[in-house]
Structures are given as structure tokens and as C-alpha cells.
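Below is one structure, written out as C-alpha cells; comments come after it.
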Amino acid sequence: MSTATDPRATGEAPKKAFTFSMLLYDQRYRSITIQVFFLFLLMLGAAWLIDNTVNNLRALGRTFSFAFLNAPAGYDINQRPIEYNSQMTHGRAALVGFINTMILAVMACALATVLGVIAGVLRLSNNWIVGRLMTVYVEVFRNIPTLLWILIFGAIMTEAMPAPSAFRGDEPSASMIFNDSVAITNRGVFVPAIMFAQDLGTIRVGPVNPSIVWLLIIALIAAGIYVNKLVIDHATRVQNATGVRPKTWWKSILVLLGPVTLLFIVLGAHLEYPELRGFNFAGGTHLRNSLIAMWLGLGIYTGAFIAEIVRAGILAISKGQTEAAFALGLQPGKTMRLVILPQALRVIIPPLISNYLNITKNTSLGLAVGYMDLRSTLGGITINQTGRELEGMLLMMLIYLAISLTISGLMNVYNNRVKLKER
Amino acid sequence: MSDTHAGTVAFVRDTMLPEQEPPLTEKGAVKWLRENLFSNVFNTVLTLISLAVIWYTLAAIGPWLLGTVWNAGSLSECRRILDGASGACFAVINDRWHQLLFGFYPSALYWRPTLAFVLLLVALSPVLFTNLPRKMLWFSAIYPFVAYHLLWGGSVWLPVSAALGFVAGYVAFVLVRRVNGLAAVFAAVLAPVFWWLLFAEPFNSTMTGILPLGLEFVRSDRFGGFLISLVIGVTGISLSLPLGILLALGRQSGMVFVKSVCVIFIEFIRGVPLITLLFTASLLLNYFLPPGTSFDLILRVIIMVTLFAAAYMAEVIRGGLAALPKGQYEAADALGLDYWKAQRLIIMPQALKISIPGIVNPFIGLFKDTTLVVFIGLLDPVGLSNAIRASTDWQGIYWELFIFIGALFFLFCFGISRYSMYLERKLKTDNR
């Protein structure tokens with residue numbers, strides 16, 4: 001054996017003639033063998049399923065097509081955030097359902113976060129009775145199915161609340177709350193609506209016609225947040241250069257609230273209060289029972305989970321961090337803001353987002369109380385009317401999947417930003 | 001002391017004073033109240049608010065609960081007995097508890113699900129509590145077949161022939177292992193499949209012909225109430241853990257193809273609501289299967305629920321695997337262990353221990369999610385509460401049913417979470 005071909009000298013593995021037994025016993029080839037085998041099985045399974053589906057569709061005399069989305073829907077939707085009537089298409093109905101899903105999801109996320117943070121912090125309080133009360137809240141809501149809670153809140157709204165007629169008469173048995181502005185009835189909750197004396201009309205953006213006023217408000221708020229960030233960055237630069245931080249709070253308030261307030265005054269914004277007319281309330285915004293039941297059910301239920309997350313996040317920060325901050329001479333408020341919260345948020349945010357995802361997916365339980373979300377429009381009535389189960393379910397799953405992947409994608413971006421930079 | 005100052009000081013105490021009682025505000029209940037409820041203004045306000053909440057809740061619910069009517073045939077009879085007074089009508093539970101627990105299971109056969117439940121506790125106990133005799137695990141192993149036979153009935157030889165498939169797999173494994181390890185694995189997989197496809201049915205019919213043993217057959221659509229929740233929940237839980245472990249390992253694996261399939265599967269399942277999967281099971285499965293096949297709706301639901309929970313389980317276990325220091329993997333490699341041995345002896349025991357709190361959450365979630373089957377027409381407790389409300393006798397009864405169902409779910413889920421805390425404490429080996 002000459003040194004030139006000695007594998008030990010070149011550092012390469014000895015080259016042996018390839019034998020079939022190496023496919024099983026050689027680590028380099030074994031994984032390929034297993035994967036090819038796996039791929040083969042998987043494709044066999046997929047082919048079998050697709051073949052069955054094609055045969056079944058042919059036997060039923062049907063094709064695979066999404067053309068039904070352009071056909072007239074022919075059913076009404078009781079909660080219409082955008083213009084819709086029964087003459088419009090199934091696609092439009094699905095869009096209304098999707099917007100309803102998102103409205104509910106955002107409302108429930110907000111409620112759950114507020115409740116969860118309060119309950120999570122109070123559960124750690126050294127006040128015995130408050131701690132116990134919050135424990136009861138968390139345990140009771142976490143351990144009972146969310147569907148049951150939705151039904152319970154639905155029943156409370158329809159069974160235990162007064163009828164609109166109870167508000168009538170000289171001595172009504174029920175009365176509106178908050179200075180005669182909110183009416184809670186068994187037909188839903190009526191709250192004041194913001195109206196503008198001057199309406200700027202709507203613009204057409206694809207399938208929806210958003211009101212120009214609201215677009216303007218959103219734009220102003222976004223611009224305000226951006227300018228505020230510039231102001232704060234500038235203050236930080238000044239502080240770094242001179243050691244003195246200029247006062248920014250009045251600038252922030254001015255930038256954030258000023259333009260919107262000005263717009264409200266210019267356009268003559270006022271509140272329209274609900275009033276009892278005939279057999280029901282009119283005016284204001286009508287929040288239906290189905291929306292309220294879903295909102296409270298999902299919000300309070302998920303709030304219990306978020307409370308546990310918040311509690312765990314705060315407990316995860318060791319006491320040494322607080323002590324170190326105090327030793328540096330930070331005040332308790334600054335300790336919380338600069339030392340504890342940034343670290344606790346790192347622990348809290350990922351599970352928090354996954355709870356937001358759960359809320360979004362759980363909105364599909366709207367069927368239980370008749371909330372017209374995506375599941376009830378596209379996945380419910382549309383499928384029943386057109387018989388397009390396959391296409392409808394597929395489309396619906398893809399939409400939910402898209403929502404979930406978007407949210408979890410954003411979460412990953414955030415996670416990477418706040419992740420501990422380990423070296 | 002007393003000697004030196006004897007002349008100069010008039011009096012020097014030379015004995016200890018008896019201990020005095022602490023001040024009233026610093027002992028007993030008063031001290032506790034001051035420290036725990038009224039330590040400062042904010043806490044005092046919180047305490048008062050809490051007391052008000054508790055008081056209003058009790059004032060609202062207390063009389064209603066105290067005035068409960070236990071014996072009545074209908075809601076109107078209940079109201080007649082109450083005669084205008086405030087009171088709950090738990091008579092509906094008294095009247096319909098058997099439906100809420102068993103659905104439309106034949107009432108003469110209630111002993112079968114009850115016995116299955118008791119045996120479930122027996123089968124679970126050696127798994128849950130390691131200080132029980134290990135021999136009891138044999139019973140846990142045969143329990144699924146016993147439970148199937150008790151719940152559905154039919155010929156006793158059907159579960160026996162199914163179980164024999166596993167025996168065939170084991171025998172094949174032991175026989176072929178002497179020849180080749182990998183071939184033994186293949187044999188262990190193929191032997192039961194062959195048995196079930198070729199021999200199980202003839203065996204079943206022959207044995208039924210020779211010795212027709214068995215219980216009365218109960219169709220799946222007679223199942224309902226908590227029986228259905230438990231069947232779906234327990235099966236789903238016990239199948240989703242192994243499946244979840246496999247998926248997590250697949251996602252961690254270096255094989256690109258296996259990994260990507262696992263990732264797609266997990267992300268898809270986690271991205272869609274369970275209810276769409278259940279609808280797929282009830283509406284779409286007929287499209288995907290050869291014409292004419294139809295199998296039990298409960299079985300379809302169990303499969304879907306298991307896949308759903310397995311995806312969540314996989315993510316939890318992946319967290320446990322990721323939390324394990326890399327040195328553990330390297331140490332296993334250094335010992336010369338192969339992949340499965342390393343997983344079984346080194347990685348999994350530690351990774352699973354880390355993920356226990358996380359594992360329990362999908363379990364509880366799965367059990368609660370069994371209520372969603374009401375949407376595809378199975379009569380779980382929620383579905384039955386609607387059915388009971390639809391009857392003329394109990395039209396308009398809400399709270400009593402909700403309280404009963406909620407309490408039972410609470411009992412199970414709270415029990416599971418307490419057990420996980422016990423397990424976590426027991427497995428904690430670090431000294432902190």
C-alpha cells in the first residue's frame with residue numbers, strides 16, 4: 001500500500017466498492033434510504049387520496065371550481081361592517097364574515113389582555129383576599145370549556161337582561177346606564193356612536209369602501225406615533241450629548257392627540273345616543289347579543305390564561321434584578337420600566353401571541369350563538385347552499401392558516417428583536 | 001452587678017420580667033388582617049372592592065342556590081313548588097343526569113360504561129403513580145381492548161383478535177431480532193398488519209362460531225354525554241403523546257424531507273381551528289375515501305382530535321428537546337448509543353421531564369375541546385343540554401345544566417392540572 005493512496009494520509013474515509021447492504025448499514029446512505037422510502041409511502045398515500053377524490057367528484061358529476069364565489073349569496077348577514085345585501089355574491093359574504101371574525105378577534109384580544117394583566121398582577125399581590133379571588137377566577141375559567149362560557153354569556157344576555165319594553169313608561173323596571181348613554185337589553189347592547197356633521201364620503205379600495213374620515217383618523221394617529229418617536233429619539237440624543245433630558249411629555253401629548261382632536265372639531269364630531277323608539281332602541285351603535293357573548297366568553301376565558309402567563313413572566317425575573325436596580329439608585333417606577341418589564345416581556349410575549357392566535361381560531365365557535373363570522377358565512381350557509389364543501393372548507397382553512405402564519409411571523413420578528421444576544 | 005451597686009442603687013432587678021402579651025394590633029387575627037388586608041390605602045381599597053364583589057355574588061346566587069328544588073318533573077312544576085320564591089331547579093339534573101352522563105346508552109347497560117370508567121382509573125393508576133406495583137401495567141396494556149368490549153359490546157373475539165395482532169408483532173420481533181435488528185423492526189410492523197388483514201376476520205368468525213361469547217352490541221350513535229367526552233378525550237390524550245414525540249423528533253431530525261413534512265403538518269394543524277378539522281372529518285372524508293366506505297363518526301373525530309393534539313404536543317416536546325444542553329446529545333453519542341437508544345435512555349427522559357407542565361396543557365385543552373363535537377352532531381354534554389332544553393318539560397332551563405356540566409369539566413381538568421403539579425414536584429431533582 002503506497003502512501004499516496006493511503007486514506008489515513010489524506011484524511012479521507014476509505015473508499016470501498018458500493019454494495020447494496022450499505023444502503024442499510026452505512027450512515028451516509030441510510031438516511032437517504034429512509035427518506036426515499038418515506039417519500040414513496042407519502043406519495044402513494046397522496047395519490048390514493050387524490051385518486052379517490054377525483055373518482056368521487058366524477059361519480060357525483062361535480063367539478064372542482066371556485067366559481068360559486070361569484071354567484072349571488074341569497075342570504076342575509078345581521079352584522080355588516082361593510083355594505084352587504086343578499087343580492088351580493090358568496091365571495092362578498094365571505095369577506096363580511098372575515099371582517100366580522102377580525103373585529104371579534106381584536107375586541108377579545110384587547111379584553112383578554114386587560115383582564116389578564118390585572119388578574120396576573122393582582123394574583124401576586126400580598127393582599128390575601130384579592131389573591132384568592134384572582135386564583136378562583138383563573139382556575140374556574142381555565143378549567144371549563146370556552147364553548148360553555150360562550151353559551152353561558154349568550155344565555156345571560158338573552159335570558160337575564162331586560163327587554164327594551166322594560167325601559168318604557170313612567171316607572172321603567174330597567175334604566176340605561178352611564179348617564180343614559182348605554183342600554184343593555186336582551187336584544188343587544190346599545191352604545192353611543194361617533195357621528196360627524198360633515199361627511200367626507202367614501203373611497204373605493206377594491207371590494208371595500210372605507211370612510212375617508214376614519215382613514216384620515218388612522219393616518220393621523222400613525223403619523224402622530226411616528227413624529228412622537230422622532231421627538232423621543234431627539235430627546236435621547238440631547239440627553240446623551242448634554243446629560244440633561246428635555247421635557248417631552250407635552251410635546252408627545254400635542255403630537256399624539258392634537259391633530260385628531262382638531263379634525264374632530266373641524267368635522268363637528270358628536271355622539272349619537274341610542275333612544276327608545278317603538279319596540280326597540282334606535283340610534284347609536286347596536287352590539288348584537290352574539291357579538292357580546294362571543295366577546296365576553298373568549299375575552300374572559302383567555303384572560304385567565306394570560307393572567308397565568310403574566311404571573312409566570314413576573315416570577316421569572318429573579319429578585320436580584322430588582323435589588324441590583326435599587327442598588328444603582330433607580331426609583332421603583334424606573335426599576336419596573338427599565339429593568340423588570342423589558343425582561344418580563346421577553347418571557348410573556350411569545351405565549352401571549354399564541355393566546356391571541358387561540359382567540360382568533362376560537363372565533364370559529366361563533367356558530368354556537370349565531371355570530372356571523374367566516375365559519376358561519378363561508379363555512380356554513382354558503383357551503384350548505386352551494387354544496388361546495390370541498391372548495392369552501394379548503395378556502396376557509398387557507399384563510400385561517402394565512403391569519404395564523406401572519407401573526408406567528410410577526411411574533412418571530414419580534415422575538416428575534418428582543419432575544420437575548422448570546423455570545 | 002447587684003453586689004457592686006448594692007450601696008449606691010436603691011433597687012436592681014435580679015430576675016427576668018415575665019413575658020408580656022404583644023400589643024393587640026400585633027397578634028392574632030388583628031395582626032393578620034393588618035398585614036394581609038389593610039397594609040396600605042391601595043390594599044384597603046382592593047380588599048373593600050373584593051368584599052363587595054363577594055357579597056354581591058353571594059347575595060345574587062346564595063338564595064337561588066338555597067332554594068333549590070330537587071324533585072320535580074318539569075320546569076313548570078318546579079316553578080309551582082317555588083311559588084314565586086327565588087330558587088334553582090336542580091330537579092332537571094335529578095331527572096336527566098343519566099342522559100348527561102351516558103347519552104342514549106341503553107339504561108339497562110349503564111353498568112358497562114361505569115365499570116369501564118372504574119377500570120380506567122385502575123389502569124391509569126400504575127401509569128400515574130410509580131410507587132404502585134409494576135405488574136399492574138399489564139392490566140393497563142390490555143385495558144383498551146377491555147374498554148372497547150365493555151362500551152361497544154359485540155363478540156368478545158373481535159378485541160381479542162385485534163390484540164393478537166400486537167402479540168404477533170412482538171413474537172415476530174423476538175424471532176427476527178436474532179437475525180437482524182432492522183429487519184426485526186420491519187417484521188414487528190408487518191406481522192400485525194398481515195394478521196389484521198388476513199387472519200383476524202377468519203379467526204374472529206371461527207371463534208365466534210365455536211364459542212359465541214360477548215355482550216350486547218351498542219351502536220355508536222347511542223353514545224353521548226360525558227361518556228363521549230371521556231372516550232374521545234382519553235383516547236386522544238393517550239394516542240397524541242407518542243405521535244407528538246414522533247413529530248417532534250421528525251422536526252428535529254437532520255433528514256430534510258422528513259423534517260419538512262413534519263413542519264408542514266404541525267404548522268398546518270396549528271394554524272387552523274379544530275372545528276374546521278372536525279368538519280373535514282364529518283363532511284369531507286367521504287370525498288377522500290373509496291366510494292362506499294364509511295366508518296364510525298366517533299372514530300373519525302378521535303383521529304382528528306388526536307392529530308390536532310399531537311401537533312401541539314410536538315411543539316411542547318420540541319421545546320423540551322431544545323432546552324436540553326447539547327452536551328447530553330454529545331455524551332450519548334460518545335457512549336456509542338445509536339439514535340433510538342440515545343433517545344430512549346438519555347434524551348427523552350430529560351426532555352419529557354422538562355416539558356411536563358407544557359404537556360399537560362394540550363391534554364386539558366383536548367379534553368375541553370371535546371365539547372366542539374356538538375357542531376358535527378354528536379351529543380356531548382353541551383349538545384344534550386340543548387336537547388334537554390328543547391323538550392317541553394324543561395324548556396327555558398339554562399343555569400342548572402350549565403352549572404352541572406361546568407362542574408364536571410372543572411373536576412376533570414382541575415384534577416389533571418393538580419396531578420401535573422404533583423408530578424413536577426416529584427421529578428424535580430435539582431437542589432434549589
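Following the order of the C-alpha cells, first chain is A, next is B, and so on, with residues numbered from 1 inside each chain and ligands from 1 in the order they appear.
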
Using only C-alpha atoms, determine which residues of chain A fall within 6 Å of chain B; present them as a list in words.
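Taken together, these residues fit the definition: Leu49, Asn52, Thr53, Asn56, Asn127, Trp128, Asn143, Ile144, Pro145, Lys361, Met397, Tyr400, Leu401 and Ser404 of chain A.
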
Proximity of segment 309-381 of chain B to segment 97-120 of chain B: per-residue shortest pair, 12 Å limit, only C-alpha atoms, as a tab-separated table:
residue	atom	partner	partner_atom	distance
B:Leu378	CA	B:Gly103	CA	9.9
B:Leu379	CA	B:Gly103	CA	7.0
B:Asp380	CA	B:Gly103	CA	7.6
B:Pro381	CA	B:Leu100	CA	5.5

Would you mind exporting C-alpha atoms of the selected residues as a PDB file, in the first residue's frame?
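Output file again20.pdb follows:
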ATOM      1  CA  LEU B 378     -72.508  14.238  18.327  1.00  0.00           C
ATOM      2  CA  LEU B 379     -74.408  14.566  21.575  1.00  0.00           C
ATOM      3  CA  ASP B 380     -71.787  15.566  24.077  1.00  0.00           C
ATOM      4  CA  PRO B 381     -72.906  17.214  27.360  1.00  0.00           C
TER       5      PRO B 381
END

What parts of segment 86-224 of chain A does DSSP call strand (DSSP E)? I'd like the answer as a list in words.
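Checking each residue of segment 86-224 of chain A, the strand (DSSP E) ones are Ala183, Ile184, Thr185, Gly188, Val189, Phe190, Val191, Ala193, Ile194, Met195 and Phe196 of chain A.
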
Any idea what's packed within 10 Å of Ile99 of chain A, counting only C-alpha atoms, ignoring anything in its chain fewer than 2 positions away? Could you give it as a VMD selection string?
chain A and resid 80 to 82 93 to 97 101 to 105 372 to 374

Which residues come within 7 Å of Ala172 of chain B, counting only C-alpha atoms, excluding same-chain residues fewer than 5 positions away, as a list in words?
Ala187, Ala188 and Ala191 of chain B

Residues at most 8 Å from Ala88 of chain B, counting only C-alpha atoms, excluding those fewer than 5 positions away in the same chain, as a PyMOL selection string?
chain B and resi 64-69+400

Do you know which residues are at most 12 Å from Val146 of chain B counting only C-alpha atoms, after dropping those on the same chain fewer than 4 positions away, and could you put them as an mmCIF file with N, CA and C atoms, in the first residue's frame?
data_model
loop_
_atom_site.group_PDB
_atom_site.id
_atom_site.type_symbol
_atom_site.label_atom_id
_atom_site.label_comp_id
_atom_site.auth_asym_id
_atom_site.auth_seq_id
_atom_site.Cartn_x
_atom_site.Cartn_y
_atom_site.Cartn_z
ATOM 1 N N ARG B 112 -72.042 -1.017 32.211
ATOM 2 C CA ARG B 112 -70.857 -1.247 31.373
ATOM 3 C C ARG B 112 -69.969 -0.004 31.293
ATOM 4 N N PRO B 113 -70.508 1.182 30.887
ATOM 5 C CA PRO B 113 -69.638 2.366 30.930
ATOM 6 C C PRO B 113 -69.117 2.674 32.328
ATOM 7 N N LEU B 115 -68.428 0.509 34.737
ATOM 8 C CA LEU B 115 -67.331 -0.413 35.009
ATOM 9 C C LEU B 115 -66.093 -0.013 34.216
ATOM 10 N N ALA B 116 -66.330 0.405 32.944
ATOM 11 C CA ALA B 116 -65.193 0.820 32.110
ATOM 12 C C ALA B 116 -64.494 2.015 32.747
ATOM 13 N N PHE B 117 -65.264 2.911 33.331
ATOM 14 C CA PHE B 117 -64.671 4.094 33.964
ATOM 15 C C PHE B 117 -63.852 3.700 35.191
ATOM 16 N N VAL B 118 -64.433 2.803 36.011
ATOM 17 C CA VAL B 118 -63.709 2.364 37.210
ATOM 18 C C VAL B 118 -62.413 1.665 36.806
ATOM 19 N N LEU B 119 -62.515 0.799 35.778
ATOM 20 C CA LEU B 119 -61.314 0.094 35.324
ATOM 21 C C LEU B 119 -60.305 1.065 34.732
ATOM 22 N N LEU B 120 -60.823 2.152 34.133
ATOM 23 C CA LEU B 120 -59.911 3.182 33.600
ATOM 24 C C LEU B 120 -59.053 3.737 34.720
ATOM 25 N N ALA B 123 -56.521 1.217 35.548
ATOM 26 C CA ALA B 123 -55.481 1.110 34.524
ATOM 27 C C ALA B 123 -54.562 2.314 34.556
ATOM 28 N N PHE B 139 -52.253 -4.833 33.188
ATOM 29 C CA PHE B 139 -53.675 -4.535 33.052
ATOM 30 C C PHE B 139 -53.872 -3.289 32.204
ATOM 31 N N SER B 140 -52.993 -2.271 32.411
ATOM 32 C CA SER B 140 -53.108 -1.059 31.603
ATOM 33 C C SER B 140 -52.968 -1.394 30.122
ATOM 34 N N ALA B 141 -52.097 -2.370 29.826
ATOM 35 C CA ALA B 141 -51.870 -2.715 28.425
ATOM 36 C C ALA B 141 -53.098 -3.346 27.796
ATOM 37 N N ILE B 142 -53.795 -4.198 28.552
ATOM 38 C CA ILE B 142 -54.970 -4.833 27.935
ATOM 39 C C ILE B 142 -56.224 -3.989 28.115
ATOM 40 N N LEU B 150 -66.348 -3.493 26.588
ATOM 41 C CA LEU B 150 -67.383 -3.085 27.535
ATOM 42 C C LEU B 150 -68.292 -2.022 26.924
ATOM 43 N N LEU B 151 -67.704 -1.058 26.211
ATOM 44 C CA LEU B 151 -68.504 0.066 25.729
ATOM 45 C C LEU B 151 -69.339 -0.316 24.524
ATOM 46 N N TRP B 152 -68.709 -0.938 23.534
ATOM 47 C CA TRP B 152 -69.450 -1.235 22.311
ATOM 48 C C TRP B 152 -70.085 -2.629 22.331
ATOM 49 N N GLY B 153 -69.465 -3.544 23.078
ATOM 50 C CA GLY B 153 -70.010 -4.881 23.123
ATOM 51 C C GLY B 153 -69.734 -5.649 21.843
ATOM 52 N N GLY B 154 -70.654 -6.524 21.463
ATOM 53 C CA GLY B 154 -70.418 -7.386 20.316
ATOM 54 C C GLY B 154 -69.644 -8.614 20.741
ATOM 55 N N SER B 155 -69.075 -9.284 19.756
ATOM 56 C CA SER B 155 -68.374 -10.516 20.073
ATOM 57 C C SER B 155 -67.084 -10.211 20.810
ATOM 58 N N VAL B 156 -66.773 -11.048 21.779
ATOM 59 C CA VAL B 156 -65.567 -10.838 22.568
ATOM 60 C C VAL B 156 -64.332 -11.125 21.726
ATOM 61 N N TRP B 157 -64.513 -11.856 20.612
ATOM 62 C CA TRP B 157 -63.343 -12.278 19.833
ATOM 63 C C TRP B 157 -62.791 -11.169 18.965
ATOM 64 N N LEU B 158 -63.589 -10.126 18.733
ATOM 65 C CA LEU B 158 -63.076 -9.021 17.910
ATOM 66 C C LEU B 158 -61.915 -8.304 18.593
ATOM 67 N N PRO B 159 -62.097 -7.810 19.835
ATOM 68 C CA PRO B 159 -60.936 -7.208 20.501
ATOM 69 C C PRO B 159 -59.821 -8.207 20.730
ATOM 70 N N VAL B 160 -60.172 -9.481 20.970
ATOM 71 C CA VAL B 160 -59.122 -10.476 21.197
ATOM 72 C C VAL B 160 -58.280 -10.630 19.939
ATOM 73 N N ALA B 162 -57.888 -8.445 17.591
ATOM 74 C CA ALA B 162 -57.109 -7.222 17.409
ATOM 75 C C ALA B 162 -55.883 -7.248 18.298
ATOM 76 N N ALA B 163 -56.065 -7.693 19.555
ATOM 77 C CA ALA B 163 -54.945 -7.744 20.489
ATOM 78 C C ALA B 163 -53.913 -8.757 20.031
ATOM 79 N N GLY B 214 -69.904 -12.892 24.347
ATOM 80 C CA GLY B 214 -69.962 -11.475 24.015
ATOM 81 C C GLY B 214 -71.061 -10.747 24.748
ATOM 82 N N LEU B 215 -71.018 -9.439 24.626
ATOM 83 C CA LEU B 215 -72.012 -8.578 25.247
ATOM 84 C C LEU B 215 -72.915 -8.021 24.161
#

Selected residue of minimal separation from Arg79 of chain B among B:Ala91, B:Tyr148, B:Val360, B:Ala183, counting only C-alpha atoms:
B:Ala91

Contacts of segment 113-125 of chain A within 7 Å, only C-alpha atoms, excl. fewer than 2 positions in-chain, as JSON, numbers by chain:
{"A": [109, 110, 111, 127, 130, 131, 134, 135, 303, 304, 306, 307, 308, 310, 311]}

Same residues, N, CA and C atoms, output as a CSV table (one decimal), in the first residue's frame:
chain,number,residue,atom,x,y,z
A,109,CYS,N,-59.1,40.0,22.0
A,109,CYS,CA,-57.7,40.1,22.4
A,109,CYS,C,-57.5,41.3,23.4
A,110,ALA,N,-58.1,42.4,23.1
A,110,ALA,CA,-58.0,43.6,24.0
A,110,ALA,C,-58.5,43.3,25.4
A,111,LEU,N,-59.7,42.7,25.4
A,111,LEU,CA,-60.3,42.4,26.7
A,111,LEU,C,-59.5,41.4,27.5
A,127,ASN,N,-52.1,41.1,49.2
A,127,ASN,CA,-53.5,41.1,49.8
A,127,ASN,C,-54.1,39.7,49.6
A,130,VAL,N,-57.6,39.4,47.7
A,130,VAL,CA,-57.6,39.7,46.3
A,130,VAL,C,-56.9,38.5,45.6
A,131,GLY,N,-55.8,38.1,46.2
A,131,GLY,CA,-55.0,36.9,45.6
A,131,GLY,C,-55.9,35.7,45.5
A,134,MET,N,-58.6,36.2,42.7
A,134,MET,CA,-58.0,36.0,41.3
A,134,MET,C,-57.7,34.6,41.0
A,135,THR,N,-57.2,33.8,42.0
A,135,THR,CA,-57.0,32.4,41.8
A,135,THR,C,-58.3,31.7,41.4
A,303,GLY,N,-58.5,35.6,29.1
A,303,GLY,CA,-57.9,36.4,30.2
A,303,GLY,C,-57.3,35.6,31.3
A,304,ALA,N,-57.9,34.5,31.6
A,304,ALA,CA,-57.4,33.6,32.7
A,304,ALA,C,-56.1,33.0,32.3
A,306,ILE,N,-54.0,34.4,30.1
A,306,ILE,CA,-53.0,35.4,30.1
A,306,ILE,C,-52.5,35.8,31.5
A,307,ALA,N,-53.5,35.7,32.4
A,307,ALA,CA,-53.1,36.0,33.8
A,307,ALA,C,-52.0,35.1,34.3
A,308,GLU,N,-52.1,33.8,33.9
A,308,GLU,CA,-51.0,32.9,34.3
A,308,GLU,C,-49.7,33.2,33.6
A,310,VAL,N,-48.7,36.2,32.6
A,310,VAL,CA,-48.2,37.4,33.2
A,310,VAL,C,-47.5,37.1,34.5
A,311,ARG,N,-48.2,36.3,35.3
A,311,ARG,CA,-47.7,35.9,36.6
A,311,ARG,C,-46.4,35.2,36.5

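Closest approach to Ser240 of chain B among B:Leu427, B:Glu330, B:Trp195, B:Tyr312: B:Tyr312, based on only C-alpha atoms.
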